[in-house]
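Structure data (compact mmCIF, C-alpha atoms) from structure-v4.txt:
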```txt
# COMPACT_ATOMS: atom_id res chain seq x y z
CA MET L 1 325.30 228.32 39.13
CA LEU L 2 325.23 226.52 35.82
CA THR L 3 324.94 222.78 36.05
CA PHE L 4 325.28 219.85 33.75
CA GLY L 5 323.04 216.98 34.73
CA PRO L 6 321.70 216.66 38.25
CA SER L 7 324.82 217.61 40.27
CA TYR L 8 327.78 218.52 38.09
CA PRO L 9 328.68 222.18 38.59
CA ILE L 10 330.44 223.73 35.63
CA ILE L 11 330.82 227.44 36.33
CA THR L 12 329.85 229.76 39.14
CA ASN L 13 330.60 233.42 39.59
CA MET L 14 332.45 233.84 36.29
CA THR L 15 330.69 236.85 34.85
CA THR L 16 331.34 240.44 33.78
CA GLN L 17 329.66 243.83 33.87
CA ILE L 18 326.18 243.58 32.34
CA GLU L 19 323.78 246.52 32.08
CA GLY L 20 325.13 248.39 35.10
CA PHE L 21 325.26 245.40 37.46
CA ASP L 22 328.57 244.55 39.08
CA MET L 23 329.37 240.95 38.33
CA TYR L 24 332.33 238.83 39.37
CA THR L 25 335.14 237.07 37.57
CA TYR L 26 336.25 234.74 40.35
CA SER L 27 335.49 231.04 40.46
CA ASP L 28 334.91 229.11 43.66
CA GLN L 29 335.84 225.89 41.85
CA LEU L 30 339.13 227.21 40.45
CA TYR L 31 340.38 229.18 43.45
CA SER L 32 342.49 226.40 44.96
CA ASP L 33 344.19 225.63 41.62
CA PHE L 34 344.69 229.31 40.84
CA HIS L 35 346.18 229.92 44.30
CA LYS L 36 348.57 226.99 43.79
CA ASP L 37 349.65 228.33 40.40
CA ALA L 38 350.26 231.78 41.90
CA TYR L 39 351.92 230.87 45.21
CA GLY L 40 353.15 227.30 44.72
CA PHE L 41 350.85 225.77 47.34
CA ARG L 42 347.15 225.32 47.90
CA PRO L 43 345.29 227.66 50.24
CA ALA L 44 344.56 226.57 53.80
CA LYS L 45 341.18 225.06 54.49
CA ASP L 46 340.32 228.14 56.54
CA ASP L 47 341.47 230.61 53.87
CA THR L 48 339.41 233.80 54.06
CA PHE L 49 338.32 233.36 50.44
CA TYR L 50 336.01 230.50 51.36
CA THR L 51 333.93 232.54 53.81
CA ALA L 52 334.24 235.97 52.19
CA THR L 53 331.45 237.98 50.64
CA PRO L 54 331.31 238.01 46.84
CA GLU L 55 332.87 241.48 46.79
CA ARG L 56 335.74 240.38 49.05
CA LYS L 57 336.22 237.18 47.03
CA GLN L 58 336.70 239.34 43.94
CA VAL L 59 339.34 241.42 45.73
CA ILE L 60 341.17 238.26 46.86
CA TRP L 61 340.88 236.77 43.36
CA ASN L 62 342.38 239.93 41.85
CA LEU L 63 345.32 239.80 44.28
CA VAL L 64 345.96 236.15 43.39
CA ALA L 65 345.76 237.12 39.70
CA GLU L 66 348.42 239.81 40.23
CA GLN L 67 350.69 237.29 41.95
CA PHE L 68 350.06 234.77 39.17
CA GLU L 69 351.03 237.31 36.52
CA TYR L 70 354.17 238.23 38.49
CA LYS L 71 355.14 234.56 38.77
CA GLN L 72 354.56 234.01 35.05
CA ASN L 73 356.84 236.95 34.24
CA GLU L 74 359.52 235.63 36.60
CA GLU L 75 359.34 232.21 34.93
CA LYS L 76 359.76 233.82 31.51
CA LEU L 77 362.84 235.69 32.74
CA GLU L 78 364.28 232.50 34.23
CA ASP L 79 363.62 230.63 30.98
CA ALA L 80 365.44 233.37 29.05
CA ARG L 81 368.41 233.22 31.47
CA SER L 82 368.57 229.43 31.17
CA VAL L 83 368.43 229.52 27.38
CA ALA L 84 371.17 232.18 27.27
CA GLN L 85 373.34 230.13 29.62
CA PHE L 86 372.88 226.96 27.55
CA LYS L 87 373.58 228.84 24.30
CA ASP L 88 376.77 230.18 25.89
CA TRP L 89 377.76 226.58 26.63
CA VAL L 90 377.10 225.61 23.01
CA ASP L 91 379.04 228.65 21.78
CA SER L 92 382.00 227.72 23.99
CA MET L 93 382.04 224.28 22.37
CA ILE L 94 382.04 225.90 18.93
CA GLN L 95 384.91 228.19 19.98
CA ASN L 96 386.79 225.08 21.12
CA GLY L 97 386.52 223.40 17.74
CA ALA L 98 382.99 222.11 17.20
CA LYS L 99 382.11 222.82 13.57
CA ASP L 100 378.42 223.57 14.27
CA GLU L 101 375.70 223.49 16.90
CA GLU L 102 374.93 219.81 16.34
CA THR L 103 378.55 218.86 16.94
CA ALA L 104 378.65 221.11 19.99
CA LEU L 105 375.57 219.37 21.38
CA ARG L 106 377.15 215.98 20.70
CA TRP L 107 380.23 217.06 22.65
CA ILE L 108 378.12 218.39 25.53
CA VAL L 109 376.27 215.09 25.94
CA GLU L 110 379.06 212.68 25.00
CA ASP L 111 379.35 211.37 28.57
CA ARG L 112 375.60 210.80 28.82
CA ASP L 113 374.10 207.40 28.07
CA PHE L 114 370.77 208.34 26.53
CA GLN L 115 368.62 205.24 26.08
CA ASN L 116 365.50 206.98 24.81
CA GLU L 117 363.77 210.31 24.28
CA MET L 118 362.85 210.55 27.96
CA ASP L 119 366.55 210.58 28.87
CA VAL L 120 367.09 213.41 26.40
CA GLU L 121 364.14 215.36 27.77
CA HIS L 122 365.39 214.86 31.31
CA PHE L 123 368.79 216.29 30.36
CA VAL L 124 367.17 219.29 28.67
CA TRP L 125 364.89 219.75 31.68
CA GLU L 126 367.95 219.76 33.97
CA GLN L 127 369.24 222.69 31.93
CA GLY L 128 365.99 224.59 32.62
CA ILE L 129 365.04 224.88 28.95
CA LEU L 130 362.72 221.94 28.26
CA PHE L 131 359.57 224.05 27.94
CA THR L 132 361.12 226.71 25.72
CA ASP L 133 361.15 226.76 21.93
CA TYR L 134 364.93 226.43 21.97
CA GLY L 135 364.74 223.52 24.41
CA LYS L 136 362.31 221.72 22.10
CA GLN L 137 364.73 222.28 19.22
CA VAL L 138 367.60 220.87 21.31
CA CYS L 139 365.45 217.84 22.16
CA ARG L 140 364.72 217.19 18.49
CA THR L 141 368.39 217.51 17.57
CA LEU L 142 369.55 215.23 20.36
CA CYS L 143 366.79 212.68 19.70
CA ASN L 144 367.88 212.50 16.07
CA MET L 145 371.32 211.46 17.34
CA LEU L 146 369.94 208.43 19.20
```

Once more with this new file: its structure as structure tokens, please.
Amino acid sequence: MLTFGPSYPIITNMTTQIEGFDMYTYSDQLYSDFHKDAYGFRPAKDDTFYTATPERKQVIWNLVAEQFEYKQNEEKLEDARSVAQFKDWVDSMIQNGAKDEETALRWIVEDRDFQNEMDVEHFVWEQGILFTDYGKQVCRTLCNML
């Protein structure tokens, strides 16, 4: 284990293959956070990872990594669906007479009482697009209308 100062662990078990020795890529310190990112909740206190051998910990870590990657891909798909749905809403406003996207956005939020940028971000978050490039663009456009 690498340490900084007398008792501050920085990294343990994060290594790779070196000169024919099998090394590990898991991290005891990051497992709980990684598990939460992959499954949406922290592991139980008696999770098998905590008492497993280094080889078994690596297997468990790899399974969590697969789930994490799957979840990331699902989130990207959901973001794309949300952006498409919001763009359809904007397009419907344009088809109903809005001259451009900015006007369409103004029509969409006309019944909202935005007091500040946080209100705008909350609205965009409700649409499921806040953390997308398009959502950031919508935020900027709406904030410029304040």

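Compared by their closest atoms to Thr103 (chain L), and using only C-alpha atoms, the residues L:Met145, L:Phe68, L:Tyr26, L:His122 rank with L:Met145 nearest.
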
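A straight line drawn from CA of Tyr70 (chain L) to CA of Val138 (chain L) is 27.9 Å long.
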
Quick one: residues within 6 Å of Val83 (chain L), only C-alpha atoms counted, chain neighbours fewer than 3 positions away excluded, as number ranges by chain? L: 80, 86, 129

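Using all atoms listed in the file, the shortest contact distance between Glu66 (chain L) and any of L:Arg112, L:His35, L:Arg106, L:Arg81 is found at L:His35.
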
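Pairwise distance (CA of Glu55 (chain L), CA of Gln29 (chain L)) equals 16.6 Å.
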
Between CA of Ala65 (chain L) and CA of Lys45 (chain L), what is the spacing in Å? 19.6 Å

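Proximity of L:Asp100, L:Asp79, L:Asp91, L:Asp33 to Val64 (chain L), computed with all atoms listed in the file, is greatest for L:Asp33.
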
Nearest to Leu105 (chain L): which of L:Lys136, L:Leu142, L:Glu78, L:Glu117 is it, counting only C-alpha atoms? L:Leu142

Contact residues around Met118 (chain L) with only C-alpha atoms at 12 Å, ignoring same-chain residues under 5 positions, as a PyMOL selection string: chain L and resi 113+123-125+130+139-140+142-143+146

So which one's closest to Asn73 (chain L), L:Ala38, L:Met23, L:Ile94, L:Asp47? Using all atoms listed in the file, please. L:Ala38

What would the list of residues within 9 Å of (344.1, 225.0, 46.4) (file frame) look like as number ranges by chain, if only C-alpha atoms are what count? L: 30-37, 41-45
